>>> print(open('target-v3.cif').read())   # mmCIF, C-alpha atoms
data_input
#
loop_
_atom_site.group_PDB
_atom_site.id
_atom_site.type_symbol
_atom_site.label_atom_id
_atom_site.label_comp_id
_atom_site.auth_asym_id
_atom_site.auth_seq_id
_atom_site.Cartn_x
_atom_site.Cartn_y
_atom_site.Cartn_z
ATOM 1 C CA MET A 1 -6.545 -5.405 -2.098
ATOM 2 C CA ASP A 2 -3.215 -6.873 -1.043
ATOM 3 C CA ALA A 3 -0.001 -5.016 -0.296
ATOM 4 C CA LYS A 4 3.443 -6.053 0.909
ATOM 5 C CA CYS A 5 4.100 -5.437 4.576
ATOM 6 C CA PRO A 6 7.271 -3.364 5.082
ATOM 7 C CA GLU A 7 7.850 -4.939 8.500
ATOM 8 C CA CYS A 8 7.496 -8.697 7.956
ATOM 9 C CA GLU A 9 7.279 -8.700 4.131
ATOM 10 C CA ARG A 10 4.180 -10.885 4.162
ATOM 11 C CA VAL A 11 0.799 -9.970 2.671
ATOM 12 C CA ALA A 12 -0.870 -6.924 4.215
ATOM 13 C CA ILE A 13 -4.361 -5.651 3.477
ATOM 14 C CA LEU A 14 -5.178 -2.324 1.842
ATOM 15 C CA ASP A 15 -8.709 -1.354 2.799
ATOM 16 C CA ASP A 16 -11.395 -0.677 0.188
ATOM 17 C CA ASP A 17 -11.212 3.088 0.747
ATOM 18 C CA LEU A 18 -7.443 3.092 0.026
ATOM 19 C CA LYS A 19 -6.799 4.827 3.341
ATOM 20 C CA PHE A 20 -5.084 2.240 5.569
ATOM 21 C CA VAL A 21 -2.672 -0.653 5.200
ATOM 22 C CA LYS A 22 -2.843 -3.305 7.923
ATOM 23 C CA CYS A 23 -0.837 -6.470 8.345
ATOM 24 C CA PRO A 24 -2.595 -9.297 10.188
ATOM 25 C CA HIS A 25 0.727 -11.088 10.728
ATOM 26 C CA CYS A 26 2.776 -8.460 12.597
ATOM 27 C CA ASN A 27 0.104 -5.810 13.372
ATOM 28 C CA PHE A 28 1.737 -3.141 11.180
ATOM 29 C CA GLU A 29 -0.686 -0.297 10.466
ATOM 30 C CA ALA A 30 -0.202 2.906 8.470
ATOM 31 C CA GLU A 31 -2.159 5.392 6.441
ATOM 32 C CA TYR A 32 -1.779 4.707 2.732
ATOM 33 C CA GLU A 33 0.255 7.868 2.079
ATOM 34 C CA ASN A 34 2.684 6.945 4.877
ATOM 35 C CA TYR A 35 2.860 3.373 3.579
ATOM 36 C CA ILE A 36 3.857 4.652 0.123
ATOM 37 C CA GLU A 37 6.630 6.786 1.666
ATOM 38 C CA ILE A 38 7.905 3.826 3.716
ATOM 39 C CA MET A 39 7.975 1.584 0.651
ATOM 40 C CA LYS A 40 9.642 4.300 -1.439
ATOM 41 C CA ASP A 41 12.389 4.656 1.185
ATOM 42 C CA LYS A 42 12.868 0.875 1.229
ATOM 43 C CA ALA A 43 13.179 0.833 -2.573
ATOM 44 C CA ILE A 44 15.779 3.619 -2.506
ATOM 45 C CA ASN A 45 17.767 1.787 0.159
ATOM 46 C CA MET A 46 17.596 -1.467 -1.823
ATOM 47 C CA SER A 47 18.694 0.204 -5.044
ATOM 48 C CA SER A 48 21.689 1.828 -3.358
ATOM 49 C CA ASP A 49 22.973 -1.679 -2.571
ATOM 50 C CA TYR A 50 23.185 -2.406 -6.300
ATOM 51 C CA ILE A 51 24.783 0.823 -7.488
ATOM 52 C CA PRO A 52 28.523 0.248 -7.892
ATOM 53 C CA ARG A 53 30.727 2.634 -5.999
ATOM 54 C CA ARG A 54 33.142 4.238 -8.401
ATOM 55 C CA PRO A 55 35.816 6.656 -7.238
ATOM 56 C CA GLY A 56 35.576 10.035 -8.891
ATOM 57 C CA PHE A 57 31.833 10.023 -9.486
#
>>> encode(input="target-v3.cif", output="structure tokens")
Amino acid sequence: MDAKCPECERVAILDDDLKFVKCPHCNFEAEYENYIEIMKDKAINMSSDYIPRRPGF
């Protein structure tokens, strides 16, 4: 199964056991649970760029 690499943003590989994510392009490796946390943090950081800053809120 394919996944998005958080380092180089190219296609990474999720193994059949759903335990490890490995990127053949930049050698990123992580356990699946850690990968999910990394991607969740990236999504939160990306969304904060689109939230307008309004004084008083």
>>> residues_around(input="target-v3.cif", residues="A:Cys8", least_positions_apart="5", cutoff="10 Å", atoms="all atoms listed in the file", output="PyMOL selection string")
chain A and resi 23+25-28
>>> residues_around(input="target-v3.cif", residues="A:Tyr35", least_positions_apart="3", cutoff="9 Å", atoms="only C-alpha atoms", output="PyMOL selection string")
chain A and resi 5-6+20-21+29-32+38-40
>>> atom_distance(input="target-v3.cif", atom1="atom CA of A:Ala43", atom2="atom CA of A:Arg10")
16.2 Å
>>> atom_distance(input="target-v3.cif", atom1="atom CA of A:Asp2", atom2="atom CA of A:Asp15")
8.7 Å
>>> atom_distance(input="target-v3.cif", atom1="atom CA of A:Ile13", atom2="atom CA of A:Met1")
6.0 Å
>>> closest_residue(input="target-v3.cif", among="A:Ile36, A:Asp49, A:Lys4, A:Ile44", to="A:Pro24", atoms="all atoms listed in the file")
A:Lys4
>>> decode(input="target-v3.cif", residues="stretch 20-49 of chain A", atoms="C-alpha atoms", output="PDB file, in the first residue's frame")
ATOM      1  CA  PHE A  20       6.185   0.233   9.002  1.00  0.00           C
ATOM      2  CA  VAL A  21       6.271   3.063   6.491  1.00  0.00           C
ATOM      3  CA  LYS A  22       9.417   3.289   4.364  1.00  0.00           C
ATOM      4  CA  CYS A  23      10.338   5.757   1.664  1.00  0.00           C
ATOM      5  CA  PRO A  24      12.684   4.445  -1.030  1.00  0.00           C
ATOM      6  CA  HIS A  25      13.452   8.002  -2.171  1.00  0.00           C
ATOM      7  CA  CYS A  26      14.789   9.613   1.024  1.00  0.00           C
ATOM      8  CA  ASN A  27      15.151   6.562   3.330  1.00  0.00           C
ATOM      9  CA  PHE A  28      12.491   7.775   5.791  1.00  0.00           C
ATOM     10  CA  GLU A  29      11.349   4.947   8.064  1.00  0.00           C
ATOM     11  CA  ALA A  30       8.815   4.942  10.903  1.00  0.00           C
ATOM     12  CA  GLU A  31       6.429   2.635  12.666  1.00  0.00           C
ATOM     13  CA  TYR A  32       2.888   3.132  11.408  1.00  0.00           C
ATOM     14  CA  GLU A  33       1.649   4.659  14.678  1.00  0.00           C
ATOM     15  CA  ASN A  34       4.510   7.188  14.639  1.00  0.00           C
ATOM     16  CA  TYR A  35       3.850   7.917  10.964  1.00  0.00           C
ATOM     17  CA  ILE A  36       0.202   8.721  11.754  1.00  0.00           C
ATOM     18  CA  GLU A  37       1.287  11.127  14.523  1.00  0.00           C
ATOM     19  CA  ILE A  38       3.791  12.832  12.197  1.00  0.00           C
ATOM     20  CA  MET A  39       1.163  13.260   9.489  1.00  0.00           C
ATOM     21  CA  LYS A  40      -1.405  14.498  12.018  1.00  0.00           C
ATOM     22  CA  ASP A  41       1.054  17.146  13.243  1.00  0.00           C
ATOM     23  CA  LYS A  42       1.745  18.201   9.646  1.00  0.00           C
ATOM     24  CA  ALA A  43      -1.998  18.532   8.986  1.00  0.00           C
ATOM     25  CA  ILE A  44      -2.475  20.672  12.102  1.00  0.00           C
ATOM     26  CA  ASN A  45       0.422  22.906  11.090  1.00  0.00           C
ATOM     27  CA  MET A  46      -0.959  23.247   7.552  1.00  0.00           C
ATOM     28  CA  SER A  47      -4.446  24.089   8.779  1.00  0.00           C
ATOM     29  CA  SER A  48      -3.136  26.791  11.111  1.00  0.00           C
ATOM     30  CA  ASP A  49      -1.780  28.595   8.032  1.00  0.00           C
TER      31      ASP A  49
END
